[in-house]
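> Take this structure first; my questions come after.
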Amino acid sequence: MKRKKLVVANTENDTLTLVDLENKYEVENIFLNNNNIGRCKKRVNISSINRPCIGPHHIIRGSNDSIIYTANSYDNSVFKIDINKKAVIDAVYVGSCPKHLELLDGCIFVTNTDSNSVSVIDEKEFILLENIPVGEKPHDIKINSSKNRIYVANSSGYSLSVIYLDSNKIDKIRLRFNPFHIGINKNRIYILCTQSNGMQQSIIQVLDIKDNILLTELEVEGVILDMVVIENTDILYTTNALDGFLYKINIEKKNILEKYYLGGMPNCILYNGDNLLFISDALKNCVIVFDYKKGKIIKNISVGLEPNGLILI
């Protein structure tokens with residue numbers, strides 16, 4: 001299914017930017033605070049929504065194509081948003097500083113960085129079901145639906161928490177570095193460990209998903225903030241916030257194949273499944289459209305302040 005719009009979560013001015021990919025990248029903003037108060041259900045905490053900072057950090061699509069969800073780091077909430085009506089229609093309050101979301105089998109899983117927990121929300125009823133304790137400062141979360149497992153990157157805990165949904169068991173994979181972002185591709189877990197504890201470089205690790213054995217590891221100078229793996233290849237792309245470059249890496253050969261200068265502070269990165277990468281720039285407040293097959297920037301799109309999460313709808 002071809003996605004026609006890009007949605008960007010702008011953390012510092014409480015907006016979502018909608019980018020029309022079929023109409024010359026025209027943009028429209030959705031304000032998540034005052035403009036939506038009158039449209040919210042009674043259960044929403046109005047005083048909280050009226051605060052200066054909601055802080056939308058990450059977004060996901062819902063089971064219904066017209067619904068998206070935002071993790072609001074400053075508001076300790078998850079918003080349910082009707083993207084067609086451009087309105088917040090409900091909210092659930094979770095742990096402290098929610099960062100990332102995933103959806104599986106009618107449940108939304110949310111990492112709460114300052115509560116060391118994962119909140120579970122019933123998508124249909126949109127109520128909080130439980131909070132699951134995990135490691136220190138959980139940031140990213142990914143689901144392996146084939147194994148019915150959830151992986152959580154504990155960004156100050158030198159570990160991944162593994163939640164086994166079939167048995168409700170929680171296990172921990174110990175790491176030598178603090179993980180920030182994770183990805184799952186086929187039978188591998190890709191772990192991005194950004195700079196910490198005086199390190200001068202970031203680390204990308206690849207684990208076998210079956211037995212958690214380390215398959216390969218690559219050091220990259222700088223502050224690597226996000227990565228995407230190109231399907232059916234050994235190629236991944238990373239954003240380096242320190243030098244403003246996009247790196248093309250063959251992880252099997254441990255080689256940086258190409259460096260593309262983007263400038264600014266490239267942050268989150270989204271792959272469209274074809275030839276485009278969408279990259280948020282937290283310094284220039286824009287999204288870069290990059291054709292990775294041609295190796296060049298197609299467009300710089302001005303969005304809100306401190307763009308983070310990206311999805312296609």
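We name chains A, B, ... following the order of the structure tokens; residues begin at 1 in each chain, and ligands are numbered from 1 as shown.
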Taking only C-alpha atoms into account, produce a table as a tab-separated table in which each residue of segment 43-97 of chain A with an atom at most 12 Å from an atom of segment 245-268 of chain A appears once, together with its shortest atom pair and the distance in Å to one decimal, ordered by chain and rising number.

```
residue	atom	partner	partner_atom	distance
A:His57	CA	A:Cys268	CA	10.5
A:His58	CA	A:Cys268	CA	9.9
A:Ile59	CA	A:Cys268	CA	11.9
```
> Save out the residues we just selected, N, CA, C and O atoms, as a compact mmCIF listing (two decimals), in the first residue's frame.

```txt
# COMPACT_ATOMS: atom_id res chain seq x y z
N HIS A 57 6.88 13.02 20.95
CA HIS A 57 8.21 12.51 20.61
C HIS A 57 8.16 11.43 19.54
O HIS A 57 8.97 11.43 18.63
N HIS A 58 7.19 10.53 19.65
CA HIS A 58 7.12 9.40 18.73
C HIS A 58 5.67 9.19 18.33
O HIS A 58 4.74 9.52 19.08
N ILE A 59 5.45 8.67 17.13
CA ILE A 59 4.10 8.43 16.62
C ILE A 59 4.02 7.08 15.94
O ILE A 59 5.00 6.60 15.37
```
> Please provide the set of residues having any atom within 12 Å of Ile213 of chain A, restricted to only C-alpha atoms, with same-chain residues fewer than 5 positions apart removed, written as a ChimeraX atom specification.
/A:173-175,187-190,205-208
> Hey, what's within 12 Å of Ser302 of chain A if we count only C-alpha atoms and toss same-chain stuff fewer than 2 positions away? As a list in words, please?
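Selected residues are Val8, Asn10, Thr17, Leu18, Val19, Tyr25, Glu26, Val27, Glu28, Asn29, Ile279, Ser280, Asp281, Ala282, Leu283, Lys284, Asn285, Cys286, Val287, Ile288, Val289, Lys299, Asn300, Gly304, Leu305, Glu306 and Pro307 of chain A.
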> Near segment 70-87 of chain A, counting only C-alpha atoms, which residues have an atom at most 7 Å away, once you skip same-chain residues fewer than 2 positions from it, shown as number ranges by chain?
A: 30, 36, 39, 48, 53-60, 66-68, 89-101
> Would you return as a PyMOL selection string the members of segment 17-130 of chain A that DSSP assigns to strand (DSSP E) on this structure's backbone?
chain A and resi 17-20+26-31+56-61+67-72+77-82+87-93+98-104+107-112+117-122+127-130
> Which neighbours of Gln201 of chain A fall inside 7 Å, counting only C-alpha atoms, when residues of the same chain fewer than 6 positions from it are skipped, and could you give them as a list in words?
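Counting only C-alpha atoms, the residues come to Gln195, Glu219, Val220, Glu221, Gly222 and Val223 of chain A.
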> May I have the residues from that selection written out with all heavy atoms, as a short mmCIF file (atom, residue, chain, number, x, y, z; two decimals), in the first residue's frame?

```cif
data_model
loop_
_atom_site.label_atom_id
_atom_site.label_comp_id
_atom_site.auth_asym_id
_atom_site.auth_seq_id
_atom_site.Cartn_x
_atom_site.Cartn_y
_atom_site.Cartn_z
N GLN A 195 26.87 7.54 22.06
CA GLN A 195 27.93 7.91 22.98
C GLN A 195 27.44 7.96 24.43
O GLN A 195 26.37 8.50 24.71
CB GLN A 195 28.50 9.29 22.63
CG GLN A 195 29.39 9.30 21.41
CD GLN A 195 30.00 10.66 21.18
OE1 GLN A 195 29.37 11.66 21.45
NE2 GLN A 195 31.22 10.69 20.67
N GLU A 219 32.28 0.09 15.33
CA GLU A 219 32.42 1.39 15.97
C GLU A 219 32.33 2.48 14.91
O GLU A 219 32.92 2.37 13.84
CB GLU A 219 33.76 1.50 16.69
CG GLU A 219 33.92 0.56 17.87
CD GLU A 219 35.23 0.78 18.59
OE1 GLU A 219 35.99 1.69 18.19
OE2 GLU A 219 35.50 0.04 19.56
N VAL A 220 31.56 3.53 15.23
CA VAL A 220 31.42 4.67 14.32
C VAL A 220 31.69 5.94 15.11
O VAL A 220 31.07 6.18 16.15
CB VAL A 220 30.01 4.74 13.70
CG1 VAL A 220 29.92 5.89 12.71
CG2 VAL A 220 29.66 3.42 13.01
N GLU A 221 32.63 6.75 14.65
CA GLU A 221 32.94 7.99 15.34
C GLU A 221 31.74 8.94 15.30
O GLU A 221 31.09 9.09 14.27
CB GLU A 221 34.15 8.69 14.67
CG GLU A 221 35.46 7.96 14.88
CD GLU A 221 35.91 7.95 16.33
OE1 GLU A 221 35.66 8.96 17.04
OE2 GLU A 221 36.51 6.95 16.76
N GLY A 222 31.48 9.58 16.44
CA GLY A 222 30.42 10.58 16.49
C GLY A 222 29.20 10.11 17.27
O GLY A 222 29.23 9.11 17.98
N VAL A 223 28.13 10.86 17.14
CA VAL A 223 26.88 10.61 17.86
C VAL A 223 25.85 10.08 16.87
O VAL A 223 25.17 10.84 16.17
CB VAL A 223 26.36 11.89 18.54
CG1 VAL A 223 25.10 11.59 19.35
CG2 VAL A 223 27.43 12.48 19.45
#
```
> Can you pull out every residue within 7 Å of segment 152-156 of chain A, counting only C-alpha atoms, but drop anything in the same chain fewer than 2 positions away, and send it as a PyMOL selection string?
chain A and resi 135-142+150+158-162+178-182
> I want to know what sits within 6 Å of segment 127-134 of chain A, based on only C-alpha atoms, with residues of the same chain fewer than 2 positions away left out; could you give that as a list in words?
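Everything that qualifies: Asn116, Ser117, Val118, Ser119, Val120, Ile121, Asp122 and Glu125 of chain A.
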> Selected residues, all heavy atoms, written as a PDB file, in the first residue's frame, please.

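Written file, part.pdb:
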```
ATOM      1  N   ASN A 116      11.039   3.747  34.361  1.00  0.00           N
ATOM      2  CA  ASN A 116      11.617   2.414  34.179  1.00  0.00           C
ATOM      3  C   ASN A 116      10.532   1.358  33.971  1.00  0.00           C
ATOM      4  O   ASN A 116      10.534   0.296  34.606  1.00  0.00           O
ATOM      5  CB  ASN A 116      12.502   2.032  35.371  1.00  0.00           C
ATOM      6  CG  ASN A 116      13.677   2.970  35.543  1.00  0.00           C
ATOM      7  OD1 ASN A 116      14.110   3.616  34.591  1.00  0.00           O
ATOM      8  ND2 ASN A 116      14.185   3.072  36.754  1.00  0.00           N
ATOM      9  N   SER A 117       9.613   1.677  33.070  1.00  0.00           N
ATOM     10  CA  SER A 117       8.481   0.769  32.856  1.00  0.00           C
ATOM     11  C   SER A 117       7.986   0.847  31.430  1.00  0.00           C
ATOM     12  O   SER A 117       8.310   1.768  30.676  1.00  0.00           O
ATOM     13  CB  SER A 117       7.328   1.107  33.814  1.00  0.00           C
ATOM     14  OG  SER A 117       6.773   2.380  33.506  1.00  0.00           O
ATOM     15  N   VAL A 118       7.170  -0.135  31.062  1.00  0.00           N
ATOM     16  CA  VAL A 118       6.437  -0.149  29.805  1.00  0.00           C
ATOM     17  C   VAL A 118       4.952  -0.176  30.139  1.00  0.00           C
ATOM     18  O   VAL A 118       4.487  -1.079  30.846  1.00  0.00           O
ATOM     19  CB  VAL A 118       6.811  -1.369  28.935  1.00  0.00           C
ATOM     20  CG1 VAL A 118       5.870  -1.492  27.737  1.00  0.00           C
ATOM     21  CG2 VAL A 118       8.256  -1.266  28.459  1.00  0.00           C
ATOM     22  N   SER A 119       4.216   0.819  29.686  1.00  0.00           N
ATOM     23  CA  SER A 119       2.766   0.846  29.883  1.00  0.00           C
ATOM     24  C   SER A 119       2.081   0.078  28.763  1.00  0.00           C
ATOM     25  O   SER A 119       2.517   0.110  27.616  1.00  0.00           O
ATOM     26  CB  SER A 119       2.236   2.281  29.913  1.00  0.00           C
ATOM     27  OG  SER A 119       2.657   2.968  31.060  1.00  0.00           O
ATOM     28  N   VAL A 120       0.995  -0.608  29.121  1.00  0.00           N
ATOM     29  CA  VAL A 120       0.195  -1.349  28.154  1.00  0.00           C
ATOM     30  C   VAL A 120      -1.189  -0.713  28.106  1.00  0.00           C
ATOM     31  O   VAL A 120      -1.874  -0.614  29.131  1.00  0.00           O
ATOM     32  CB  VAL A 120       0.084  -2.836  28.524  1.00  0.00           C
ATOM     33  CG1 VAL A 120      -0.653  -3.595  27.419  1.00  0.00           C
ATOM     34  CG2 VAL A 120       1.464  -3.443  28.770  1.00  0.00           C
ATOM     35  N   ILE A 121      -1.602  -0.282  26.912  1.00  0.00           N
ATOM     36  CA  ILE A 121      -2.887   0.385  26.699  1.00  0.00           C
ATOM     37  C   ILE A 121      -3.758  -0.485  25.815  1.00  0.00           C
ATOM     38  O   ILE A 121      -3.298  -0.992  24.786  1.00  0.00           O
ATOM     39  CB  ILE A 121      -2.689   1.762  26.037  1.00  0.00           C
ATOM     40  CG1 ILE A 121      -1.856   2.681  26.934  1.00  0.00           C
ATOM     41  CG2 ILE A 121      -4.027   2.410  25.692  1.00  0.00           C
ATOM     42  CD1 ILE A 121      -1.410   3.956  26.231  1.00  0.00           C
ATOM     43  N   ASP A 122      -5.017  -0.676  26.215  1.00  0.00           N
ATOM     44  CA  ASP A 122      -5.988  -1.344  25.367  1.00  0.00           C
ATOM     45  C   ASP A 122      -6.387  -0.370  24.257  1.00  0.00           C
ATOM     46  O   ASP A 122      -6.932   0.706  24.531  1.00  0.00           O
ATOM     47  CB  ASP A 122      -7.212  -1.755  26.186  1.00  0.00           C
ATOM     48  CG  ASP A 122      -8.246  -2.514  25.366  1.00  0.00           C
ATOM     49  OD1 ASP A 122      -8.904  -1.876  24.518  1.00  0.00           O
ATOM     50  OD2 ASP A 122      -8.397  -3.731  25.564  1.00  0.00           O
ATOM     51  N   GLU A 125     -10.531   0.215  23.897  1.00  0.00           N
ATOM     52  CA  GLU A 125     -11.139   0.967  25.001  1.00  0.00           C
ATOM     53  C   GLU A 125     -10.314   2.205  25.353  1.00  0.00           C
ATOM     54  O   GLU A 125     -10.800   3.114  26.023  1.00  0.00           O
ATOM     55  CB  GLU A 125     -11.268   0.067  26.230  1.00  0.00           C
ATOM     56  CG  GLU A 125     -12.161  -1.143  26.028  1.00  0.00           C
ATOM     57  CD  GLU A 125     -13.602  -0.763  25.736  1.00  0.00           C
ATOM     58  OE1 GLU A 125     -14.061   0.278  26.266  1.00  0.00           O
ATOM     59  OE2 GLU A 125     -14.256  -1.500  24.978  1.00  0.00           O
TER      60      GLU A 125
END
```
> Of the residues A:Val228, A:Ile209, A:Ile203, A:Ile143, which is the one nearest to Val110 of chain A, using only C-alpha atoms?
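Among the listed residues, the smallest separation from Val110 of chain A belongs to A:Ile143.
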> Quick one, how far is atom CA of Ile235 of chain A from atom CA of Gly157 of chain A?
28.0 Å
> Nearest residue to Lys2 of chain A out of A:Phe290, A:Asn185, A:Leu192, A:Asn272, using only C-alpha atoms?
A:Asn272
